[in-house]
>>> print(open('input_18.cif').read())   # mmCIF, C-alpha atoms and all ligand atoms
data_model
#
loop_
_atom_site.label_atom_id
_atom_site.label_comp_id
_atom_site.auth_asym_id
_atom_site.auth_seq_id
_atom_site.Cartn_x
_atom_site.Cartn_y
_atom_site.Cartn_z
CA MET A 73 162.87 198.89 199.38
CA LYS A 74 161.26 195.52 198.64
CA LEU A 75 160.53 195.11 194.92
CA PRO A 76 157.34 193.32 193.77
CA LYS A 77 157.80 189.80 192.46
CA ILE A 78 157.30 189.14 188.75
CA ARG A 79 154.15 187.04 189.43
CA GLU A 80 152.58 189.88 191.41
CA LEU A 81 153.37 192.34 188.61
CA ILE A 82 151.74 190.04 186.04
CA GLU A 83 148.64 189.70 188.26
CA ALA A 84 148.41 193.50 188.67
CA ILE A 85 148.67 194.12 184.91
CA LYS A 86 146.08 191.38 184.20
CA ALA A 87 143.67 192.93 186.73
CA LEU A 88 144.03 196.31 184.96
CA ILE A 89 143.06 194.75 181.62
CA VAL A 90 140.52 192.04 182.60
CA GLY A 91 138.97 193.76 185.63
CA PRO A 92 138.49 192.49 189.20
CA TYR A 93 137.59 188.86 190.00
CA THR A 94 134.83 189.90 192.40
CA SER A 95 131.26 190.64 191.26
CA LYS A 96 129.33 193.78 192.12
CA PHE A 97 126.89 191.94 194.42
CA PRO A 98 124.48 193.16 195.84
CA PHE A 99 124.17 195.80 193.09
CA LYS A 100 124.20 193.04 190.46
CA PRO A 101 122.87 189.50 191.01
CA HIS A 102 125.63 186.98 191.69
CA GLU A 103 125.52 183.59 189.94
CA PRO A 104 127.14 180.95 192.16
CA TYR A 105 129.05 178.05 190.62
CA PRO A 106 126.80 175.03 189.86
CA SER A 107 128.55 172.93 192.53
CA PHE A 108 128.18 175.63 195.20
CA ARG A 109 126.79 174.20 198.46
CA GLY A 110 124.08 176.56 199.66
CA GLN A 111 121.05 176.37 201.90
CA PRO A 112 119.15 173.04 201.93
CA VAL A 113 115.53 173.31 200.84
CA TYR A 114 112.64 170.91 201.63
CA ASN A 115 110.42 169.50 198.91
CA PRO A 116 107.05 168.93 200.64
CA ASP A 117 105.85 166.69 197.79
CA LYS A 118 108.79 164.28 198.17
CA CYS A 119 109.42 164.47 201.94
CA VAL A 120 107.59 161.78 203.95
CA GLY A 121 108.23 163.35 207.36
CA CYS A 122 110.45 160.58 208.79
CA LEU A 123 112.87 162.97 210.60
CA ALA A 124 116.02 161.10 209.52
CA CYS A 125 117.42 164.49 208.46
CA GLU A 126 116.86 165.85 211.97
CA GLU A 127 118.60 162.81 213.48
CA VAL A 128 121.77 163.20 211.42
CA CYS A 129 122.10 167.00 211.41
CA PRO A 130 125.39 167.74 213.20
CA ALA A 131 124.51 171.40 213.78
CA ASP A 132 121.07 170.88 215.30
CA ALA A 133 119.70 172.98 212.47
CA ILE A 134 116.55 170.89 211.99
CA GLY A 135 113.71 170.54 214.47
CA HIS A 136 110.09 169.52 214.46
CA GLU A 137 106.84 170.17 216.24
CA ASP A 138 103.89 167.74 216.34
CA ILE A 139 100.49 169.44 216.42
CA THR A 140 98.24 166.69 217.80
CA ASP A 141 94.89 168.37 217.20
CA SER A 142 92.64 165.35 216.64
CA LEU A 143 90.80 167.03 213.74
CA ASN A 144 93.89 168.05 211.78
CA PRO A 145 97.11 166.59 213.23
CA LYS A 146 100.26 167.92 211.56
CA ARG A 147 104.03 167.61 211.85
CA LYS A 148 105.90 170.85 211.25
CA ILE A 149 109.52 170.29 210.19
CA ILE A 150 111.67 173.38 210.66
CA HIS A 151 115.06 174.18 209.12
CA TYR A 152 117.00 176.90 210.99
CA THR A 153 119.07 178.69 208.38
CA ASP A 154 121.17 180.59 210.92
CA THR A 155 122.72 177.42 212.40
CA CYS A 156 122.98 175.31 209.23
CA ILE A 157 126.54 174.65 208.05
CA PHE A 158 125.46 173.36 204.60
CA CYS A 159 127.19 170.03 205.13
CA GLY A 160 124.60 168.05 203.12
CA CYS A 161 124.21 165.23 205.71
CA CYS A 162 120.42 165.77 205.64
CA GLU A 163 120.25 165.24 201.88
CA ALA A 164 122.54 162.19 202.09
CA ALA A 165 120.33 160.59 204.79
CA CYS A 166 116.96 161.41 203.23
CA ILE A 167 114.96 158.21 202.76
CA ALA A 168 112.90 159.75 199.95
CA ASP A 169 115.63 159.06 197.36
CA ASN A 170 117.56 162.07 198.72
CA GLU A 171 114.89 164.38 197.34
CA GLY A 172 112.94 165.36 200.48
CA ILE A 173 115.62 167.93 201.26
CA LYS A 174 118.34 169.10 198.89
CA LEU A 175 121.18 171.58 199.00
CA SER A 176 120.43 174.56 196.77
CA ASN A 177 122.76 177.29 195.54
CA GLU A 178 121.00 179.90 197.68
CA PHE A 179 123.63 181.94 199.52
CA ASP A 180 121.98 185.29 200.20
CA LEU A 181 120.77 184.54 203.71
CA ALA A 182 121.25 187.87 205.51
CA PHE A 183 118.44 188.83 207.89
CA PHE A 184 117.60 191.51 210.45
CA ASP A 185 115.39 189.41 212.72
CA ARG A 186 116.72 186.00 213.83
CA LYS A 187 113.14 184.67 214.11
CA THR A 188 112.84 184.91 210.32
CA ALA A 189 115.90 182.66 209.80
CA GLU A 190 113.86 179.49 209.42
CA GLU A 191 111.85 177.63 206.84
CA SER A 192 109.27 174.94 207.47
CA ILE A 193 106.96 172.43 205.83
CA GLU A 194 103.94 170.60 207.24
CA LYS A 195 103.01 166.94 206.82
CA ASP A 196 99.82 165.13 207.86
CA LEU A 197 100.28 163.08 211.03
CA GLN A 198 98.72 159.74 211.89
CA LEU A 199 97.57 159.43 215.51
CA CYS A 200 96.66 156.24 217.38
CA GLU A 201 92.92 155.69 217.06
CA ILE A 202 92.66 154.72 220.74
CA CYS A 203 95.00 156.93 222.77
CA GLY A 204 95.83 159.70 220.27
CA ALA A 205 99.63 159.15 220.49
CA VAL A 206 101.73 160.11 217.48
CA ILE A 207 102.53 157.11 215.25
CA ALA A 208 104.19 158.67 212.18
CA CYS A 209 103.42 160.92 209.23
CA LYS A 210 100.81 159.44 206.90
CA ASP A 211 103.21 159.64 203.96
CA HIS A 212 105.84 157.77 206.00
CA LEU A 213 103.38 154.90 206.66
CA LYS A 214 102.57 154.77 202.94
CA TRP A 215 106.31 154.76 202.16
CA ILE A 216 106.87 151.80 204.53
CA ALA A 217 103.86 149.95 203.07
CA GLU A 218 105.25 150.36 199.55
CA LYS A 219 108.73 149.23 200.62
CA ILE A 220 107.65 146.04 202.35
CA GLY A 221 105.08 145.07 199.72
CA GLU A 222 102.73 142.22 200.62
CA LEU A 223 104.07 142.08 204.21
CA THR A 224 101.98 145.23 204.72
CA TYR A 225 98.90 143.00 205.07
CA SER A 226 100.24 141.41 208.25
CA ASN A 227 100.22 144.76 210.06
CA PRO A 228 96.77 146.35 210.61
CA THR A 229 98.22 149.88 210.98
CA LEU A 230 100.02 149.67 207.63
CA TYR A 231 97.14 147.78 206.04
CA GLN A 232 94.60 150.46 207.03
CA SER A 233 96.99 153.22 205.90
CA ARG A 234 97.39 151.50 202.56
CA LEU A 235 93.61 151.14 202.10
CA LYS A 236 93.18 154.83 202.93
CA SER A 237 95.94 155.91 200.53
CA LEU A 238 94.35 153.81 197.77
CA GLY A 239 90.98 155.48 198.49
CA ILE A 240 89.36 152.11 199.32
CA ILE A 241 88.26 153.38 202.73
CA ASP A 242 87.55 156.95 203.84
CA GLU A 243 90.66 158.87 204.97
CA ASN A 244 88.88 160.14 208.09
CA ILE A 245 87.05 156.97 209.09
CA THR A 246 87.45 155.93 212.74
CA SER A 247 85.53 153.37 214.77
CA VAL A 248 83.46 154.60 217.70
CA LEU A 249 84.16 151.37 219.59
CA LYS A 250 87.05 151.81 222.06
CA ASP A 251 86.97 148.63 224.09
CA HIS A 252 90.56 147.35 223.74
CA GLY A 253 88.90 144.26 222.37
CA ARG A 254 88.62 142.35 219.14
CA SER A 255 87.22 145.33 217.18
CA ASP A 256 90.31 147.37 218.06
CA ARG A 257 92.71 144.90 216.49
CA VAL A 258 92.08 146.21 212.99
CA LYS A 259 92.56 149.86 213.85
CA ILE A 260 95.55 152.14 213.30
CA LEU A 261 97.28 151.85 216.68
CA CYS A 262 100.47 152.89 218.44
CA ALA A 263 102.74 150.11 219.73
CA ARG A 264 101.38 150.33 223.30
CA CYS A 265 97.70 150.07 222.30
CA ARG A 266 98.53 147.33 219.77
CA ARG A 267 100.16 145.31 222.58
CA GLU A 268 97.25 145.92 224.97
CA THR A 269 94.56 144.96 222.45
CA THR A 270 96.53 141.88 221.42
CA LEU A 271 96.99 140.73 225.02
CA THR A 272 93.35 141.32 225.96
CA THR A 273 91.97 139.41 222.97
CA VAL A 274 94.26 136.39 223.04
S1 LIG B 1 123.08 170.88 205.59
FE1 LIG B 1 124.00 169.91 207.42
S2 LIG B 1 123.77 171.45 209.03
FE2 LIG B 1 122.38 172.07 207.38
S3 LIG B 1 120.41 171.15 207.92
FE3 LIG B 1 121.46 169.69 206.59
S4 LIG B 1 122.54 168.29 208.00
FE4 LIG B 1 122.00 170.13 209.17
S1 LIG B 2 111.84 162.28 203.97
FE1 LIG B 2 113.88 163.20 203.85
S2 LIG B 2 113.54 165.39 204.12
FE2 LIG B 2 111.68 164.38 204.78
S3 LIG B 2 111.91 164.13 207.00
FE3 LIG B 2 112.69 162.22 206.05
S4 LIG B 2 114.89 162.56 205.78
FE4 LIG B 2 113.95 164.59 206.16
#
>>> encode(input="input_18.cif", output="structure tokens", more="lines below")
Ligand code: SF4
Ligand code: SF4
Amino acid sequence: MKLPKIRELIEAIKALIVGPYTSKFPFKPHEPYPSFRGQPVYNPDKCVGCLACEEVCPADAIGHEDITDSLNPKRKIIHYTDTCIFCGCCEAACIADNEGIKLSNEFDLAFFDRKTAEESIEKDLQLCEICGAVIACKDHLKWIAEKIGELTYSNPTLYQSRLKSLGIIDENITSVLKDHGRSDRVKILCARCRRETTLTTV
């Protein structure tokens, strides 16, 4: 017969006195350790909608959908909790001082319906004023304008975005003129329309 080792005996006696290491979850709430790496969570007030987190995610656990309704264009950023591996690459790459998305200590992610295993936020989108193509999220344009400072005023798209964010011009103002001419040069435009208006007004 194989006799138990001394260390195993000590462990068994300790367990009788101290009790088991495991908690009684789910009957009692479990408190994870502070450094536990759980589900990442978006902060819609900090996130600028740049999609850097989607680019770097190694598990394809982040996606997005652009809703290009001209009256209320939105970008929906979706985190799929069932494929996330909690690696933290999204938080590390976040341009909003790593605060747009952050790992939490949330671990209780069981679900019955896979369709519910996702969380999303929505950000306002900026469309090209001529062709309606997606340019970027409005908060992302403001973020770029703040980063580059006075250089903003050399780019009409950023300049107009800045004026709108400062409340100097109406957020929803658009020109009715669509002639790819001189009047279009001061609009918020995608790269293609910017090139066309520049070439036609040289
Ligand atoms: S923690 Fe890793 S796997 Fe999960 S969403 Fe972020 S980058 Fe993707
Ligand atoms: S700001 Fe951060 S959280 Fe938001 S889309 Fe960009 S990288 Fe992702």
>>> atom_distance(input="input_18.cif", atom1="atom CA of Thr229 of chain A", atom2="atom CA of Ile207 of chain A")
9.4 Å
>>> residues_near_ligand(input="input_18.cif", ligand="ligand LIG 2 (chain B)", cutoff="6 Å", atoms="all atoms listed in the file", output="list in words")
Cys119, Val120, Gly121, Cys122, Leu123, Ala124, Cys125, Ala165, Cys166, Ile167, Ala168, Gly172 and Ile173 of chain A
>>> write_last_selection(input="input_18.cif", atoms="C-alpha atoms", output="PDB file, in the frame of the given file")
ATOM      1  CA  CYS A 119     109.420 164.470 201.940  1.00  0.00           C
ATOM      2  CA  VAL A 120     107.590 161.780 203.950  1.00  0.00           C
ATOM      3  CA  GLY A 121     108.230 163.350 207.360  1.00  0.00           C
ATOM      4  CA  CYS A 122     110.450 160.580 208.790  1.00  0.00           C
ATOM      5  CA  LEU A 123     112.870 162.970 210.600  1.00  0.00           C
ATOM      6  CA  ALA A 124     116.020 161.100 209.520  1.00  0.00           C
ATOM      7  CA  CYS A 125     117.420 164.490 208.460  1.00  0.00           C
ATOM      8  CA  ALA A 165     120.330 160.590 204.790  1.00  0.00           C
ATOM      9  CA  CYS A 166     116.960 161.410 203.230  1.00  0.00           C
ATOM     10  CA  ILE A 167     114.960 158.210 202.760  1.00  0.00           C
ATOM     11  CA  ALA A 168     112.900 159.750 199.950  1.00  0.00           C
ATOM     12  CA  GLY A 172     112.940 165.360 200.480  1.00  0.00           C
ATOM     13  CA  ILE A 173     115.620 167.930 201.260  1.00  0.00           C
TER      14      ILE A 173
END
>>> closest_residue(input="input_18.cif", among="A:Ile220, A:Ala133, A:Leu199, A:Ile149", to="Pro116 of chain A", atoms="only C-alpha atoms")
A:Ile149
>>> atom_distance(input="input_18.cif", atom1="atom CA of Gly221 of chain A", atom2="atom CA of Asn115 of chain A")
25.0 Å
>>> closest_residue(input="input_18.cif", among="A:Ser95, A:Asn177, A:Ala189, A:Asp256", to="Glu201 of chain A", atoms="only C-alpha atoms")
A:Asp256
>>> closest_residue(input="input_18.cif", among="A:Val90, A:Cys203, A:Val113, A:Cys129", to="ligand LIG 1 (chain B)", atoms="all atoms listed in the file")
A:Cys129
>>> closest_residue(input="input_18.cif", among="A:Ile134, A:Cys209, A:Leu261, A:Ile240", to="ligand LIG 1 (chain B)", atoms="only C-alpha atoms and all ligand atoms")
A:Ile134
>>> atom_distance(input="input_18.cif", atom1="atom CA of Glu171 of chain A", atom2="atom CA of Asp117 of chain A")
9.3 Å
>>> closest_atom_pairs(input="input_18.cif", of="chain A", to="ligand LIG 1 (chain B)", cutoff="6 Å", atoms="all atoms listed in the file", output="CSV")
residue,atom,partner,partner_atom,distance
A:Pro112,CA,B:LIG1,S1,5.8
A:Cys129,CA,B:LIG1,S4,3.7
A:Pro130,CA,B:LIG1,FE4,5.8
A:Ala131,CA,B:LIG1,S2,4.8
A:Ala133,CA,B:LIG1,FE4,4.9
A:Ile134,CA,B:LIG1,S3,5.6
A:Cys156,CA,B:LIG1,FE2,3.8
A:Ile157,CA,B:LIG1,S2,4.3
A:Phe158,CA,B:LIG1,S1,3.6
A:Cys159,CA,B:LIG1,FE1,3.9
A:Gly160,CA,B:LIG1,S1,4.1
A:Cys161,CA,B:LIG1,S4,4.2
A:Cys162,CA,B:LIG1,S4,4.1
>>> closest_residue(input="input_18.cif", among="A:Leu175, A:Glu194, A:Lys86, A:Val128", to="Lys148 of chain A", atoms="all atoms listed in the file")
A:Glu194
